[in-house]
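So this one's entry.cif, mmCIF, N, CA and C atoms and all ligand atoms:
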```
data_input
#
loop_
_atom_site.label_atom_id
_atom_site.label_comp_id
_atom_site.auth_asym_id
_atom_site.auth_seq_id
_atom_site.Cartn_x
_atom_site.Cartn_y
_atom_site.Cartn_z
N MET V 24 112.23 223.08 32.64
CA MET V 24 111.87 224.17 31.76
C MET V 24 111.05 223.63 30.57
N ALA V 25 109.94 224.27 30.28
CA ALA V 25 109.07 223.80 29.20
C ALA V 25 109.12 224.77 28.02
N TYR V 26 108.95 224.22 26.85
CA TYR V 26 108.98 225.03 25.64
C TYR V 26 107.75 224.74 24.78
N ARG V 27 107.38 225.74 24.00
CA ARG V 27 106.27 225.59 23.05
C ARG V 27 106.74 226.09 21.70
N LEU V 28 106.39 225.34 20.68
CA LEU V 28 106.77 225.71 19.33
C LEU V 28 105.84 226.80 18.82
N ILE V 29 106.39 227.85 18.28
CA ILE V 29 105.55 228.89 17.66
C ILE V 29 106.03 229.15 16.24
N VAL V 30 105.07 229.50 15.38
CA VAL V 30 105.34 229.75 13.97
C VAL V 30 104.98 231.19 13.64
N HIS V 31 105.88 231.86 12.94
CA HIS V 31 105.61 233.21 12.45
C HIS V 31 105.17 233.07 10.99
N ARG V 32 103.86 232.91 10.82
CA ARG V 32 103.33 232.62 9.47
C ARG V 32 103.63 233.74 8.48
N GLU V 33 103.80 234.93 8.97
CA GLU V 33 104.07 236.05 8.06
C GLU V 33 105.47 235.94 7.45
N LEU V 34 106.37 235.19 8.09
CA LEU V 34 107.72 235.00 7.55
C LEU V 34 107.80 233.77 6.64
N CYS V 35 106.93 232.82 6.86
CA CYS V 35 106.97 231.54 6.15
C CYS V 35 106.61 231.70 4.68
N HIS V 36 107.36 231.04 3.80
CA HIS V 36 107.00 231.07 2.38
C HIS V 36 106.59 229.69 1.88
N GLY V 37 106.31 228.79 2.81
CA GLY V 37 105.69 227.53 2.44
C GLY V 37 106.57 226.52 1.73
N CYS V 38 107.87 226.55 1.97
CA CYS V 38 108.77 225.65 1.24
C CYS V 38 108.60 224.19 1.65
N GLY V 39 108.12 223.95 2.85
CA GLY V 39 107.88 222.58 3.31
C GLY V 39 109.10 221.90 3.92
N ASN V 40 110.23 222.59 4.00
CA ASN V 40 111.43 221.96 4.58
C ASN V 40 111.15 221.41 5.98
N CYS V 41 110.48 222.19 6.77
CA CYS V 41 110.23 221.80 8.16
C CYS V 41 109.31 220.58 8.22
N VAL V 42 108.36 220.52 7.30
CA VAL V 42 107.41 219.39 7.28
C VAL V 42 108.15 218.08 7.00
N VAL V 43 109.09 218.14 6.06
CA VAL V 43 109.87 216.96 5.71
C VAL V 43 110.86 216.61 6.81
N ALA V 44 111.41 217.62 7.46
CA ALA V 44 112.46 217.39 8.47
C ALA V 44 111.92 216.87 9.79
N CYS V 45 110.67 217.14 10.08
CA CYS V 45 110.10 216.79 11.39
C CYS V 45 110.08 215.27 11.60
N PRO V 46 110.76 214.78 12.62
CA PRO V 46 110.80 213.33 12.84
C PRO V 46 109.45 212.75 13.22
N VAL V 47 108.58 213.54 13.82
CA VAL V 47 107.24 213.03 14.14
C VAL V 47 106.48 212.80 12.85
N ASN V 48 106.55 213.76 11.93
CA ASN V 48 105.90 213.57 10.64
C ASN V 48 106.47 212.35 9.92
N ALA V 49 107.78 212.23 9.93
CA ALA V 49 108.42 211.12 9.22
C ALA V 49 108.02 209.78 9.82
N SER V 50 107.80 209.75 11.13
CA SER V 50 107.41 208.49 11.77
C SER V 50 105.99 208.09 11.40
N LYS V 51 105.20 209.07 10.96
CA LYS V 51 103.80 208.78 10.62
C LYS V 51 103.62 208.47 9.14
N SER V 52 104.48 209.02 8.31
CA SER V 52 104.27 208.85 6.87
C SER V 52 105.57 208.84 6.11
N THR V 53 105.86 207.77 5.43
CA THR V 53 107.05 207.73 4.59
C THR V 53 106.91 208.68 3.41
N GLU V 54 105.67 209.01 3.04
CA GLU V 54 105.46 209.97 1.95
C GLU V 54 105.95 211.35 2.36
N ILE V 55 105.70 211.72 3.58
CA ILE V 55 106.19 213.01 4.06
C ILE V 55 107.72 212.99 4.12
N ALA V 56 108.27 211.92 4.67
CA ALA V 56 109.73 211.82 4.76
C ALA V 56 110.36 211.86 3.38
N GLY V 57 109.64 211.35 2.36
CA GLY V 57 110.15 211.35 1.00
C GLY V 57 109.90 212.64 0.25
N GLY V 58 109.27 213.61 0.90
CA GLY V 58 109.08 214.91 0.29
C GLY V 58 107.87 215.02 -0.62
N LYS V 59 106.93 214.09 -0.50
CA LYS V 59 105.75 214.13 -1.37
C LYS V 59 104.65 215.05 -0.84
N GLY V 60 104.91 215.72 0.23
CA GLY V 60 103.95 216.70 0.71
C GLY V 60 103.20 216.23 1.93
N PRO V 61 102.69 217.19 2.67
CA PRO V 61 101.98 216.85 3.90
C PRO V 61 100.64 216.20 3.63
N GLN V 62 100.28 215.27 4.46
CA GLN V 62 99.00 214.57 4.35
C GLN V 62 98.26 214.76 5.68
N GLU V 63 97.41 215.75 5.72
CA GLU V 63 96.80 216.11 7.01
C GLU V 63 95.98 214.97 7.58
N ASP V 64 95.41 214.13 6.69
CA ASP V 64 94.52 213.11 7.21
C ASP V 64 95.23 212.06 8.07
N ILE V 65 96.58 211.97 7.94
CA ILE V 65 97.27 211.03 8.81
C ILE V 65 97.83 211.73 10.04
N GLY V 66 97.57 213.02 10.18
CA GLY V 66 97.83 213.72 11.41
C GLY V 66 99.26 214.06 11.72
N PRO V 67 99.97 214.72 10.78
CA PRO V 67 101.32 215.17 11.10
C PRO V 67 101.31 216.29 12.14
N SER V 68 102.45 216.58 12.69
CA SER V 68 102.53 217.63 13.69
C SER V 68 102.62 219.01 13.08
N ILE V 69 103.16 219.09 11.89
CA ILE V 69 103.40 220.39 11.27
C ILE V 69 103.10 220.25 9.79
N ILE V 70 102.29 221.17 9.27
CA ILE V 70 101.85 221.06 7.88
C ILE V 70 101.91 222.43 7.19
N VAL V 71 101.96 222.39 5.86
CA VAL V 71 101.82 223.62 5.08
C VAL V 71 100.35 223.74 4.66
N GLU V 72 99.77 224.89 4.92
CA GLU V 72 98.37 225.13 4.57
C GLU V 72 98.24 226.56 4.10
N ASP V 73 97.61 226.74 2.95
CA ASP V 73 97.42 228.08 2.39
C ASP V 73 98.75 228.84 2.27
N GLY V 74 99.79 228.13 1.87
CA GLY V 74 101.07 228.77 1.60
C GLY V 74 101.94 229.08 2.79
N ALA V 75 101.50 228.64 3.97
CA ALA V 75 102.32 228.88 5.16
C ALA V 75 102.16 227.71 6.11
N VAL V 76 103.19 227.52 6.92
CA VAL V 76 103.17 226.36 7.80
C VAL V 76 102.35 226.66 9.05
N ARG V 77 101.74 225.62 9.58
CA ARG V 77 101.09 225.75 10.88
C ARG V 77 101.27 224.45 11.65
N ILE V 78 101.19 224.56 12.94
CA ILE V 78 101.32 223.38 13.78
C ILE V 78 99.95 222.73 13.86
N ASN V 79 99.89 221.48 13.48
CA ASN V 79 98.61 220.78 13.39
C ASN V 79 98.26 220.11 14.71
N GLN V 80 99.23 219.46 15.30
CA GLN V 80 98.98 218.74 16.54
C GLN V 80 100.12 219.02 17.51
N LEU V 81 100.00 220.11 18.20
CA LEU V 81 101.08 220.57 19.07
C LEU V 81 101.40 219.54 20.15
N LYS V 82 100.41 218.82 20.60
CA LYS V 82 100.65 217.86 21.69
C LYS V 82 101.63 216.76 21.27
N GLU V 83 101.76 216.54 19.97
CA GLU V 83 102.67 215.51 19.50
C GLU V 83 104.08 216.04 19.24
N CYS V 84 104.24 217.34 19.28
CA CYS V 84 105.56 217.93 19.05
C CYS V 84 106.50 217.56 20.18
N LYS V 85 107.71 217.12 19.81
CA LYS V 85 108.71 216.71 20.81
C LYS V 85 109.68 217.83 21.17
N ASN V 86 109.43 219.02 20.61
CA ASN V 86 110.31 220.17 20.86
C ASN V 86 111.77 219.85 20.55
N CYS V 87 111.98 219.10 19.48
CA CYS V 87 113.34 218.67 19.14
C CYS V 87 114.12 219.74 18.38
N ALA V 88 113.41 220.75 17.87
CA ALA V 88 114.01 221.88 17.15
C ALA V 88 114.54 221.53 15.76
N THR V 89 114.27 220.34 15.28
CA THR V 89 114.73 219.97 13.94
C THR V 89 114.11 220.89 12.88
N CYS V 90 112.85 221.20 13.02
CA CYS V 90 112.17 222.07 12.05
C CYS V 90 112.78 223.47 12.06
N ILE V 91 113.20 223.93 13.22
CA ILE V 91 113.79 225.26 13.34
C ILE V 91 115.09 225.31 12.53
N LYS V 92 115.89 224.24 12.65
CA LYS V 92 117.16 224.19 11.91
C LYS V 92 116.92 224.09 10.41
N ALA V 93 115.78 223.48 10.03
CA ALA V 93 115.50 223.28 8.60
C ALA V 93 114.93 224.53 7.93
N CYS V 94 114.48 225.48 8.70
CA CYS V 94 113.82 226.66 8.13
C CYS V 94 114.84 227.71 7.68
N PRO V 95 114.79 228.09 6.41
CA PRO V 95 115.78 229.05 5.89
C PRO V 95 115.49 230.50 6.27
N VAL V 96 114.31 230.75 6.81
CA VAL V 96 113.95 232.15 7.07
C VAL V 96 113.64 232.44 8.54
N GLY V 97 113.91 231.49 9.41
CA GLY V 97 113.70 231.74 10.84
C GLY V 97 112.26 231.94 11.23
N ALA V 98 111.36 231.19 10.57
CA ALA V 98 109.94 231.39 10.84
C ALA V 98 109.41 230.57 12.01
N ILE V 99 110.25 229.69 12.55
CA ILE V 99 109.81 228.83 13.65
C ILE V 99 110.76 229.04 14.83
N GLU V 100 110.21 229.05 16.02
CA GLU V 100 111.07 229.11 17.19
C GLU V 100 110.42 228.41 18.37
N LEU V 101 111.23 228.10 19.35
CA LEU V 101 110.72 227.54 20.59
C LEU V 101 110.65 228.67 21.61
N GLU V 102 109.49 228.77 22.22
CA GLU V 102 109.25 229.83 23.20
C GLU V 102 109.17 229.17 24.58
N GLU V 103 109.86 229.73 25.54
CA GLU V 103 109.79 229.20 26.89
C GLU V 103 108.43 229.52 27.50
N VAL V 104 107.82 228.51 28.10
CA VAL V 104 106.50 228.74 28.72
C VAL V 104 106.53 228.45 30.21
S1 LIG Q 201 110.11 220.68 17.16
FE1 LIG Q 201 110.57 218.63 16.30
S2 LIG Q 201 108.71 217.41 16.65
FE2 LIG Q 201 108.15 219.56 16.90
S3 LIG Q 201 107.34 220.17 14.88
FE3 LIG Q 201 109.55 220.71 14.99
S4 LIG Q 201 110.65 218.97 14.10
FE4 LIG Q 201 108.54 218.28 14.61
S1 LIG Q 202 108.39 227.52 8.43
FE1 LIG Q 202 110.31 227.74 7.26
S2 LIG Q 202 110.90 225.65 6.62
FE2 LIG Q 202 108.72 225.61 7.25
S3 LIG Q 202 107.56 225.89 5.35
FE3 LIG Q 202 107.83 227.93 6.29
S4 LIG Q 202 109.72 228.78 5.36
FE4 LIG Q 202 109.70 226.57 4.94
#
```
As structure tokens, what does this structure read like?
Amino acid sequence: MAYRLIVHRELCHGCGNCVVACPVNASKSTEIAGGKGPQEDIGPSIIVEDGAVRINQLKECKNCATCIKACPVGAIELEEV
């Protein structure tokens, strides 16, 4: 069974919890893991842009659901594909 991460940008308020929680992001940048904000130039999987989160590099997403658990408003989910 395969899953795809989807974001409901209309629900997101840009808190960045998911960006910090994502283990792929953390593996790429200790600044992200430390909560200093997303750095798109190093290619995280999930970033905050224009006040809402978006998936930057879906192919790198491990579908681990950590970001889903970190989101206080249920703006992220895994969709079966
Ligand atoms: S499902 Fe996991 S790897 Fe994918 S964006 Fe969320 S936290 Fe990162
Ligand atoms: S998707 Fe959720 S955790 Fe991520 S920035 Fe938006 S509100 Fe915060």
> ligand LIG 201 (chain Q): which residues are within 8 Å, counting only N, CA and C atoms and all ligand atoms, as a PyMOL selection string?
Replying inline: chain V and resi 27-28+41-49+67-70+78-81+83-93+100-101
> What does the distance between atom FE1 of ligand LIG 202 (chain Q) and atom CA of V:His36 come to in Å, to one decimal place?
Replying inline: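 We find that atom FE1 of ligand LIG 202 (chain Q) and atom CA of V:His36 lie 6.8 Å from each other.
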>> Neighbouring residues of ligand LIG 202 (chain Q) are defined here as those with any atom at most 6.5 Å from a ligand atom, counting only N, CA and C atoms and all ligand atoms; list them as a ChimeraX atom specification.
In response: /V:34-42,71,75-76,90,93-99
For stretch 39-52 of chain V, what centre and edge lengths in Å (one decimal) does the axis-aligned box get once 5 Å is added on each side of all its listed atoms, as JSON?
```
{"center_x": 108.0, "center_y": 216.0, "center_z": 8.5, "size_x": 18.8, "size_y": 25.9, "size_z": 21.3}
```
>> Which of chain V end up as helix (DSSP H, G or I) when DSSP is run on this backbone - answer as a PyMOL selection string?
In response: chain V and resi 40-44+46-51+53-56+63-65+81-83+89-93
Expected file contents, prior selection, N, CA and C atoms, as a short mmCIF file (atom, residue, chain, number, x, y, z; two decimals), in the coordinates of the input:
```cif
data_model
loop_
_atom_site.label_atom_id
_atom_site.label_comp_id
_atom_site.auth_asym_id
_atom_site.auth_seq_id
_atom_site.Cartn_x
_atom_site.Cartn_y
_atom_site.Cartn_z
N ASN V 40 110.23 222.59 4.00
CA ASN V 40 111.43 221.96 4.58
C ASN V 40 111.15 221.41 5.98
N CYS V 41 110.48 222.19 6.77
CA CYS V 41 110.23 221.80 8.16
C CYS V 41 109.31 220.58 8.22
N VAL V 42 108.36 220.52 7.30
CA VAL V 42 107.41 219.39 7.28
C VAL V 42 108.15 218.08 7.00
N VAL V 43 109.09 218.14 6.06
CA VAL V 43 109.87 216.96 5.71
C VAL V 43 110.86 216.61 6.81
N ALA V 44 111.41 217.62 7.46
CA ALA V 44 112.46 217.39 8.47
C ALA V 44 111.92 216.87 9.79
N PRO V 46 110.76 214.78 12.62
CA PRO V 46 110.80 213.33 12.84
C PRO V 46 109.45 212.75 13.22
N VAL V 47 108.58 213.54 13.82
CA VAL V 47 107.24 213.03 14.14
C VAL V 47 106.48 212.80 12.85
N ASN V 48 106.55 213.76 11.93
CA ASN V 48 105.90 213.57 10.64
C ASN V 48 106.47 212.35 9.92
N ALA V 49 107.78 212.23 9.93
CA ALA V 49 108.42 211.12 9.22
C ALA V 49 108.02 209.78 9.82
N SER V 50 107.80 209.75 11.13
CA SER V 50 107.41 208.49 11.77
C SER V 50 105.99 208.09 11.40
N LYS V 51 105.20 209.07 10.96
CA LYS V 51 103.80 208.78 10.62
C LYS V 51 103.62 208.47 9.14
N THR V 53 105.86 207.77 5.43
CA THR V 53 107.05 207.73 4.59
C THR V 53 106.91 208.68 3.41
N GLU V 54 105.67 209.01 3.04
CA GLU V 54 105.46 209.97 1.95
C GLU V 54 105.95 211.35 2.36
N ILE V 55 105.70 211.72 3.58
CA ILE V 55 106.19 213.01 4.06
C ILE V 55 107.72 212.99 4.12
N ALA V 56 108.27 211.92 4.67
CA ALA V 56 109.73 211.82 4.76
C ALA V 56 110.36 211.86 3.38
N GLU V 63 97.41 215.75 5.72
CA GLU V 63 96.80 216.11 7.01
C GLU V 63 95.98 214.97 7.58
N ASP V 64 95.41 214.13 6.69
CA ASP V 64 94.52 213.11 7.21
C ASP V 64 95.23 212.06 8.07
N ILE V 65 96.58 211.97 7.94
CA ILE V 65 97.27 211.03 8.81
C ILE V 65 97.83 211.73 10.04
N LEU V 81 100.00 220.11 18.20
CA LEU V 81 101.08 220.57 19.07
C LEU V 81 101.40 219.54 20.15
N LYS V 82 100.41 218.82 20.60
CA LYS V 82 100.65 217.86 21.69
C LYS V 82 101.63 216.76 21.27
N GLU V 83 101.76 216.54 19.97
CA GLU V 83 102.67 215.51 19.50
C GLU V 83 104.08 216.04 19.24
N THR V 89 114.27 220.34 15.28
CA THR V 89 114.73 219.97 13.94
C THR V 89 114.11 220.89 12.88
N CYS V 90 112.85 221.20 13.02
CA CYS V 90 112.17 222.07 12.05
C CYS V 90 112.78 223.47 12.06
N ILE V 91 113.20 223.93 13.22
CA ILE V 91 113.79 225.26 13.34
C ILE V 91 115.09 225.31 12.53
N LYS V 92 115.89 224.24 12.65
CA LYS V 92 117.16 224.19 11.91
C LYS V 92 116.92 224.09 10.41
N ALA V 93 115.78 223.48 10.03
CA ALA V 93 115.50 223.28 8.60
C ALA V 93 114.93 224.53 7.93
#
```
> Which value, in Å to one decimal, gives the distance between atom CA of V:Val30 and atom CA of V:Glu54?
Replying inline: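 Result for atom CA of V:Val30 versus atom CA of V:Glu54: 23.1 Å, one decimal.
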> Which one of V:Lys51, V:Gln62, V:Met24, V:Arg32 sits closest to V:Arg77 if you count only N, CA and C atoms?
Replying inline: V:Arg32
> Which parts of chain V does DSSP call strand (DSSP E) when run on the backbone here, written out as a ChimeraX atom specification?
Replying inline: /V:26-30,69-72,75-78,99-103
> When you draw a straight line from atom CA of V:Tyr26 to atom N of V:Glu102, how long is it in Å?
Replying inline: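 According to the coordinates, atom CA of V:Tyr26 and atom N of V:Glu102 are separated by 5.1 Å.
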> Which is closer to V:Ser52 than all the others in V:Gly74, V:Ile65, V:His31, V:Ala25, using only N, CA and C atoms?
Replying inline: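 Comparing V:Gly74, V:Ile65, V:His31, V:Ala25 against V:Ser52, the winner is V:Ile65.
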